[in-house]
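One file, model39.csv, is given below (CSV, C-alpha atoms).
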```csv
chain,number,residue,atom,x,y,z
N,561,MET,CA,108.9,131.7,-202.8
N,562,ASP,CA,111.7,130.2,-200.8
N,563,ILE,CA,112.5,128.1,-197.8
N,564,LYS,CA,115.0,128.9,-195.1
N,565,VAL,CA,116.7,126.0,-193.4
N,566,ASN,CA,118.6,126.3,-190.1
N,567,VAL,CA,120.2,123.3,-188.5
N,568,ARG,CA,121.3,123.4,-184.9
N,569,GLU,CA,122.5,120.9,-182.3
N,570,SER,CA,120.3,120.4,-179.3
N,571,GLU,CA,120.3,118.2,-176.2
N,572,GLY,CA,122.2,114.9,-176.4
N,573,ASP,CA,122.7,113.8,-180.0
N,574,ALA,CA,119.5,115.4,-181.2
N,575,TYR,CA,119.4,118.0,-183.9
N,576,VAL,CA,116.7,120.6,-184.7
N,577,VAL,CA,115.9,121.6,-188.2
N,578,ASP,CA,114.1,125.0,-188.3
N,579,LEU,CA,112.2,125.6,-191.5
N,580,THR,CA,110.8,129.0,-192.5
N,581,GLY,CA,108.7,129.5,-195.6
N,582,GLU,CA,106.9,127.2,-198.1
N,583,ILE,CA,107.8,123.6,-198.8
N,584,ASP,CA,106.7,122.6,-202.3
N,585,VAL,CA,108.1,120.8,-205.4
N,586,TYR,CA,110.6,123.7,-205.9
N,587,THR,CA,111.9,124.1,-202.3
N,588,SER,CA,111.6,120.5,-201.0
N,589,PRO,CA,115.0,119.4,-202.4
N,590,LYS,CA,116.7,122.0,-200.1
N,591,VAL,CA,114.9,120.5,-197.1
N,592,LYS,CA,115.8,117.0,-198.3
N,593,ASP,CA,119.5,117.9,-198.6
N,594,ALA,CA,119.6,119.3,-195.0
N,595,ILE,CA,117.9,116.2,-193.5
N,596,SER,CA,120.0,113.8,-195.6
N,597,GLU,CA,123.2,115.5,-194.5
N,598,LEU,CA,122.4,115.1,-190.9
N,599,ILE,CA,121.5,111.4,-191.3
N,600,ASP,CA,124.7,110.9,-193.4
N,601,GLN,CA,126.6,112.3,-190.3
N,602,GLU,CA,124.9,109.6,-188.2
N,603,HIS,CA,122.5,111.9,-186.4
N,604,TYR,CA,119.3,109.9,-186.1
N,605,ASN,CA,117.2,111.8,-183.6
N,606,LEU,CA,115.7,114.9,-185.3
N,607,VAL,CA,113.2,117.5,-184.5
N,608,ILE,CA,111.8,119.3,-187.5
N,609,ASN,CA,110.3,122.6,-186.6
N,610,LEU,CA,107.5,123.6,-188.9
N,611,GLU,CA,106.2,126.5,-186.8
N,612,LYS,CA,107.2,129.0,-189.4
N,613,VAL,CA,106.1,127.0,-192.4
N,614,ARG,CA,103.1,128.5,-194.1
N,615,TYR,CA,102.6,125.8,-196.7
N,616,ILE,CA,103.5,122.1,-197.4
N,617,ASP,CA,102.6,119.9,-200.3
N,618,SER,CA,103.0,116.2,-201.0
N,619,THR,CA,106.7,116.6,-202.1
N,620,GLY,CA,107.4,118.1,-198.7
N,621,LEU,CA,105.5,115.3,-196.9
N,622,GLY,CA,107.6,112.9,-199.0
N,623,VAL,CA,110.8,114.4,-197.8
N,624,LEU,CA,109.7,114.1,-194.1
N,625,ILE,CA,108.6,110.5,-194.7
N,626,GLY,CA,111.9,109.7,-196.4
N,627,GLY,CA,113.8,111.2,-193.5
N,628,LEU,CA,111.7,109.3,-190.9
N,629,LYS,CA,112.2,106.0,-192.8
N,630,ARG,CA,116.0,106.4,-192.8
N,631,VAL,CA,116.4,107.3,-189.2
N,632,ARG,CA,114.1,104.5,-188.1
N,633,GLU,CA,116.5,102.0,-189.8
N,634,HIS,CA,119.1,103.2,-187.2
N,635,GLY,CA,116.7,103.2,-184.2
N,636,GLY,CA,116.1,107.0,-184.4
N,637,SER,CA,113.1,109.2,-184.7
N,638,VAL,CA,111.8,112.4,-186.3
N,639,ASN,CA,109.4,114.5,-184.3
N,640,LEU,CA,107.6,117.5,-185.7
N,641,VAL,CA,106.7,120.9,-184.2
N,642,CYS,CA,103.6,122.2,-185.9
N,643,THR,CA,101.0,124.7,-184.8
N,644,ASN,CA,99.6,125.8,-188.1
N,645,PRO,CA,96.0,124.3,-188.3
N,646,GLN,CA,96.1,124.0,-192.1
N,647,ILE,CA,99.3,122.0,-192.0
N,648,LYS,CA,98.1,119.9,-189.1
N,649,LYS,CA,95.0,119.2,-191.2
N,650,ILE,CA,97.2,117.8,-194.1
N,651,PHE,CA,98.9,115.4,-191.7
N,652,ASP,CA,95.5,114.4,-190.3
N,653,ILE,CA,93.7,113.7,-193.6
N,654,THR,CA,96.6,111.7,-195.0
N,655,GLY,CA,96.9,109.7,-191.9
N,656,LEU,CA,100.5,110.7,-191.3
N,657,VAL,CA,99.6,111.8,-187.8
N,658,LYS,CA,100.0,108.1,-187.0
N,659,ILE,CA,103.6,107.9,-188.0
N,660,PHE,CA,105.0,111.2,-186.8
N,661,GLY,CA,105.1,112.6,-183.3
N,662,ILE,CA,103.6,116.1,-183.8
N,663,PHE,CA,104.0,118.6,-180.9
N,664,ASP,CA,102.9,122.2,-180.2
N,665,ASP,CA,106.4,123.2,-179.0
N,666,GLU,CA,110.0,122.2,-179.4
N,667,GLN,CA,110.4,121.2,-175.8
N,668,GLY,CA,107.7,118.6,-176.1
N,669,ALA,CA,109.1,117.3,-179.3
N,670,MET,CA,112.6,117.0,-177.8
N,671,LYS,CA,111.4,115.4,-174.6
N,672,ALA,CA,109.6,112.7,-176.6
N,673,LEU,CA,112.8,111.8,-178.5
N,674,VAL,CA,114.5,110.4,-175.5
R,339,MET,CA,63.0,124.5,-216.6
R,340,ASN,CA,64.2,121.8,-214.3
R,341,PRO,CA,66.7,123.5,-211.9
R,342,ALA,CA,68.7,120.3,-211.8
R,343,ILE,CA,69.7,120.9,-215.5
R,344,ALA,CA,69.7,124.7,-215.5
R,345,PRO,CA,72.9,126.2,-216.9
R,346,VAL,CA,75.3,127.4,-214.3
R,347,SER,CA,76.2,131.1,-214.7
R,348,SER,CA,79.8,131.9,-215.2
R,349,TYR,CA,81.1,135.1,-213.7
R,350,GLY,CA,84.4,135.0,-215.4
R,351,THR,CA,87.3,132.8,-216.7
R,352,VAL,CA,91.0,133.3,-216.2
R,353,GLU,CA,93.5,131.4,-218.2
R,354,LEU,CA,97.2,130.9,-217.3
R,355,LYS,CA,100.0,129.1,-219.0
R,356,ILE,CA,103.2,128.3,-217.1
R,357,PRO,CA,106.3,126.4,-218.0
R,358,ALA,CA,106.2,122.8,-216.6
R,359,LYS,CA,109.0,123.6,-214.1
R,360,ALA,CA,108.9,123.5,-210.4
R,361,GLU,CA,109.7,127.2,-209.8
R,362,TRP,CA,106.4,128.2,-211.6
R,363,VAL,CA,104.0,126.1,-209.4
R,364,ALA,CA,103.8,128.8,-206.8
R,365,VAL,CA,102.6,131.3,-209.5
R,366,ALA,CA,99.8,128.9,-210.5
R,367,ARG,CA,98.6,128.3,-207.0
R,368,LEU,CA,98.6,132.0,-206.0
R,369,ALA,CA,96.9,133.0,-209.2
R,370,VAL,CA,94.1,130.4,-208.7
R,371,ALA,CA,93.8,131.5,-205.1
R,372,ALA,CA,93.3,135.1,-206.2
R,373,VAL,CA,90.6,134.0,-208.7
R,374,ALA,CA,88.8,131.8,-206.0
R,375,SER,CA,88.8,134.7,-203.6
R,376,ARG,CA,86.2,136.4,-205.8
R,377,LEU,CA,83.8,134.0,-204.1
R,378,HIS,CA,83.1,133.8,-200.4
R,379,PHE,CA,85.4,130.9,-199.6
R,380,SER,CA,86.9,130.7,-196.1
R,381,VAL,CA,90.6,131.0,-195.7
R,382,ASP,CA,90.9,127.3,-195.1
R,383,GLU,CA,89.0,126.6,-198.3
R,384,ILE,CA,91.3,128.9,-200.3
R,385,GLU,CA,94.2,127.0,-198.8
R,386,ASP,CA,92.6,123.7,-199.9
R,387,ILE,CA,92.3,125.0,-203.5
R,388,LYS,CA,95.9,126.2,-203.5
R,389,LEU,CA,97.2,122.9,-202.5
R,390,ALA,CA,95.0,120.9,-204.9
R,391,ILE,CA,96.2,123.1,-207.9
R,392,ALA,CA,99.8,122.8,-206.8
R,393,GLU,CA,99.5,119.0,-206.6
R,394,ALA,CA,97.9,118.9,-210.1
R,395,CYS,CA,100.8,121.0,-211.5
R,396,THR,CA,103.4,118.9,-209.7
R,397,ASN,CA,101.8,115.8,-211.3
R,398,CYS,CA,102.2,117.4,-214.8
R,399,ILE,CA,105.9,118.3,-214.0
R,400,GLN,CA,106.6,114.7,-212.9
R,401,HIS,CA,105.1,113.2,-216.1
R,402,GLY,CA,106.0,115.8,-218.7
R,403,SER,CA,109.1,117.3,-220.1
R,404,GLU,CA,110.7,120.6,-219.0
R,405,ASN,CA,109.8,122.1,-222.4
R,406,ASP,CA,106.1,121.5,-221.8
R,407,ARG,CA,103.6,124.0,-220.7
R,408,ILE,CA,100.8,123.6,-218.2
R,409,GLU,CA,97.5,125.4,-219.0
R,410,ILE,CA,95.4,126.3,-216.0
R,411,THR,CA,91.8,127.6,-216.6
R,412,SER,CA,89.9,128.9,-213.6
R,413,GLU,CA,86.2,129.5,-214.0
R,414,VAL,CA,84.2,131.4,-211.4
R,415,LEU,CA,80.6,130.2,-211.2
R,416,SER,CA,77.8,131.4,-208.9
R,417,ASP,CA,78.9,129.3,-205.9
R,418,GLU,CA,81.9,127.3,-207.0
R,419,VAL,CA,85.2,127.6,-208.8
R,420,ARG,CA,86.1,125.1,-211.4
R,421,VAL,CA,89.8,124.7,-212.3
R,422,SER,CA,91.2,122.8,-215.3
R,423,VAL,CA,94.8,121.8,-215.4
R,424,ARG,CA,96.0,120.5,-218.8
R,425,ASP,CA,99.3,119.4,-220.2
R,426,ARG,CA,100.5,117.3,-223.1
R,427,SER,CA,101.8,114.4,-221.2
R,428,VAL,CA,100.0,111.1,-220.5
R,429,GLY,CA,100.5,108.5,-217.9
R,430,HIS,CA,99.4,110.5,-214.9
R,431,LYS,CA,98.0,108.3,-212.1
R,432,LEU,CA,94.8,110.2,-211.3
R,433,GLU,CA,92.4,107.4,-210.2
R,434,SER,CA,91.2,107.4,-206.6
R,435,VAL,CA,93.7,106.1,-204.1
R,436,GLU,CA,92.9,104.7,-200.7
R,437,LYS,CA,94.3,106.3,-197.6
R,438,GLY,CA,96.5,103.8,-195.9
R,439,ALA,CA,99.7,102.8,-194.2
R,440,GLY,CA,101.3,102.7,-197.7
R,441,PHE,CA,101.8,106.5,-197.5
R,442,ALA,CA,104.3,106.0,-194.7
R,443,ASP,CA,106.7,103.8,-196.7
R,444,GLY,CA,107.8,106.7,-198.8
R,445,LYS,CA,107.0,104.9,-202.1
R,446,ARG,CA,103.6,106.5,-202.6
R,447,THR,CA,104.4,110.2,-202.6
R,448,GLU,CA,102.7,110.6,-206.0
R,449,GLU,CA,99.6,108.9,-204.8
R,450,LEU,CA,99.7,111.2,-201.8
R,451,GLY,CA,99.3,114.2,-204.2
R,452,VAL,CA,96.3,112.6,-205.9
R,453,PHE,CA,94.8,111.6,-202.6
R,454,LEU,CA,95.1,115.2,-201.4
R,455,ILE,CA,93.4,116.6,-204.6
R,456,ARG,CA,90.5,114.3,-204.1
R,457,ALA,CA,90.2,114.9,-200.4
R,458,LEU,CA,90.3,118.7,-200.6
R,459,MET,CA,88.2,119.3,-203.7
R,460,ASP,CA,84.5,118.5,-204.0
R,461,GLU,CA,84.5,117.1,-207.5
R,462,VAL,CA,87.4,115.7,-209.5
R,463,THR,CA,87.3,114.4,-213.1
R,464,TYR,CA,90.0,113.7,-215.6
R,465,ARG,CA,90.4,113.0,-219.3
R,466,VAL,CA,93.4,111.4,-221.0
R,467,ASP,CA,93.9,111.6,-224.8
R,468,ALA,CA,97.0,110.2,-226.4
R,469,ARG,CA,97.3,113.2,-228.7
R,470,GLU,CA,95.9,116.0,-226.6
R,471,GLY,CA,97.4,115.0,-223.2
R,472,THR,CA,95.7,115.0,-219.8
R,473,GLU,CA,93.1,117.3,-218.4
R,474,LEU,CA,92.2,117.3,-214.7
R,475,VAL,CA,89.1,119.3,-213.7
R,476,MET,CA,88.6,120.1,-210.0
R,477,THR,CA,85.6,121.9,-208.5
R,478,LYS,CA,85.3,123.5,-205.1
R,479,ARG,CA,82.0,124.7,-203.8
R,480,VAL,CA,81.4,127.5,-201.3
R,481,THR,CA,80.0,125.9,-198.1
R,482,ALA,CA,79.1,129.0,-196.1
```
How does this structure look as structure tokens?
Amino acid sequence: MDIKVNVRESEGDAYVVDLTGEIDVYTSPKVKDAISELIDQEHYNLVINLEKVRYIDSTGLGVLIGGLKRVREHGGSVNLVCTNPQIKKIFDITGLVKIFGIFDDEQGAMKALV
Amino acid sequence: MNPAIAPVSSYGTVELKIPAKAEWVAVARLAVAAVASRLHFSVDEIEDIKLAIAEACTNCIQHGSENDRIEITSEVLSDEVRVSVRDRSVGHKLESVEKGAGFADGKRTEELGVFLIRALMDEVTYRVDAREGTELVMTKRVTA
């Protein structure tokens, strides 16, 4: 079980974090490190692509919430790309759909940042 | 015999002990998913069970020591799976939590796990004993 993290620059000052695999108590520190590094470098507009994420638990949600909280302090935003119905369901039942912008594709998530 | 108090047939029990370390949680959730797949759960229901078991194990890791073990017992009944997650630690926060804006402030991640367990499983009970530790029992029933 592992998570692959790929960070790339996109339009404007926005960055995309592509995640592949499973985000749980073991792998979430790796995701947290990648997001924290971007924020430390003063990149506050992020798209986190969960299209290839098969599983996420509360520790993964906590990492995303923590990232969102930090970028908002600087007027930034975190939008998510998510097409997996099971993962969408987790955001839905926890009410986190209300705080994250969740999009079916990267283009939509990117457009909503600006 | 009153069917309401008839004993429930058990089709088998599987016991698993894992070290209370993050890298072992995936083993627990996959093992329990394999046990649950003996019943006619949907794919979504199996995913619910996997997440609930992982959250329970994560809770044990967050409250226990690295040298502890987590004991997971999965019992397959006629139309439900009952999973017990036990460890030696105490102090888990397992009572019901309300869904709310508090999840968004990043300070309630632990409560988020308990919230998910209770939202995804049909029945959740727990027992805390100062000497024995904590046992969380979760039941998921086949809906189809």
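Proximity ranking of R:Val414, R:Val419, R:Ala364, R:Leu474 relative to chain N places R:Ala364 first, based on only C-alpha atoms.
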Leaving out Gly572 (chain N) and any residue of its chain fewer than 3 positions from it, which residues lie within 10 Å of it when counting all atoms listed in the file, given as JSON, numbers by chain?
-> {"N": [569, 575, 605, 670, 674]}
Rank R:Gly471, R:Gly451, R:Pro357, R:Gly402 by their smallest atom-to-atom distance to chain N, using all atoms listed in the file, and report the top residue only.
->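 Of the candidates, the smallest distance to chain N is held by R:Gly451.
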Counting all atoms listed in the file, find the residues whose atoms lie at most 12 Å from (86.5, 138.4, -206.0) (file coordinates) and write them out as a ChimeraX atom specification.
-> /R:349-350,370-379,413-417,419
Chain N residues near chain R (6 Å cut-off, only C-alpha atoms) as a list in words |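 The answer, sorted by residue number, is Val585, Tyr586, Ser618, Gly622, Ile625 and Gly626 of chain N.
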Using C-alpha atoms, can you write the selected residues to a file as an mmCIF file, keeping the file's coordinate frame?
```cif
data_model
loop_
_atom_site.group_PDB
_atom_site.id
_atom_site.type_symbol
_atom_site.label_atom_id
_atom_site.label_comp_id
_atom_site.auth_asym_id
_atom_site.auth_seq_id
_atom_site.Cartn_x
_atom_site.Cartn_y
_atom_site.Cartn_z
ATOM 1 C CA VAL N 585 108.100 120.800 -205.400
ATOM 2 C CA TYR N 586 110.600 123.700 -205.900
ATOM 3 C CA SER N 618 103.000 116.200 -201.000
ATOM 4 C CA GLY N 622 107.600 112.900 -199.000
ATOM 5 C CA ILE N 625 108.600 110.500 -194.700
ATOM 6 C CA GLY N 626 111.900 109.700 -196.400
#
```
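With all atoms listed in the file as the atoms that count, the minimum distance from Leu579 (chain N) to the choices N:Glu611, N:Asp600, N:Asp664, N:Asp593 is reached by N:Glu611.
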Spatial neighbours of Val567 (chain N), 10 Å, all atoms listed in the file, chain gap at least 2 places, as a VMD selection string | chain N and resid 565 569 to 570 575 to 579 594 to 595 598 607 to 608
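Every protein or nucleic acid residue with an atom no more than 10 Å from Thr587 (chain N), counting only C-alpha atoms and leaving out same-chain residues fewer than 5 positions away, appears here: Met561, Asp562, Ile563, Lys564, Gly581, Glu582, Lys592, Ile616, Thr619 and Gly620 of chain N; Ala360 and Glu361 of chain R.
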Just give me the gap between CA of Ile647 (chain N) and CA of Thr472 (chain R) in Å, one decimal is fine.
->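 Value for the CA of Ile647 (chain N)-CA of Thr472 (chain R) distance: 28.9 Å.
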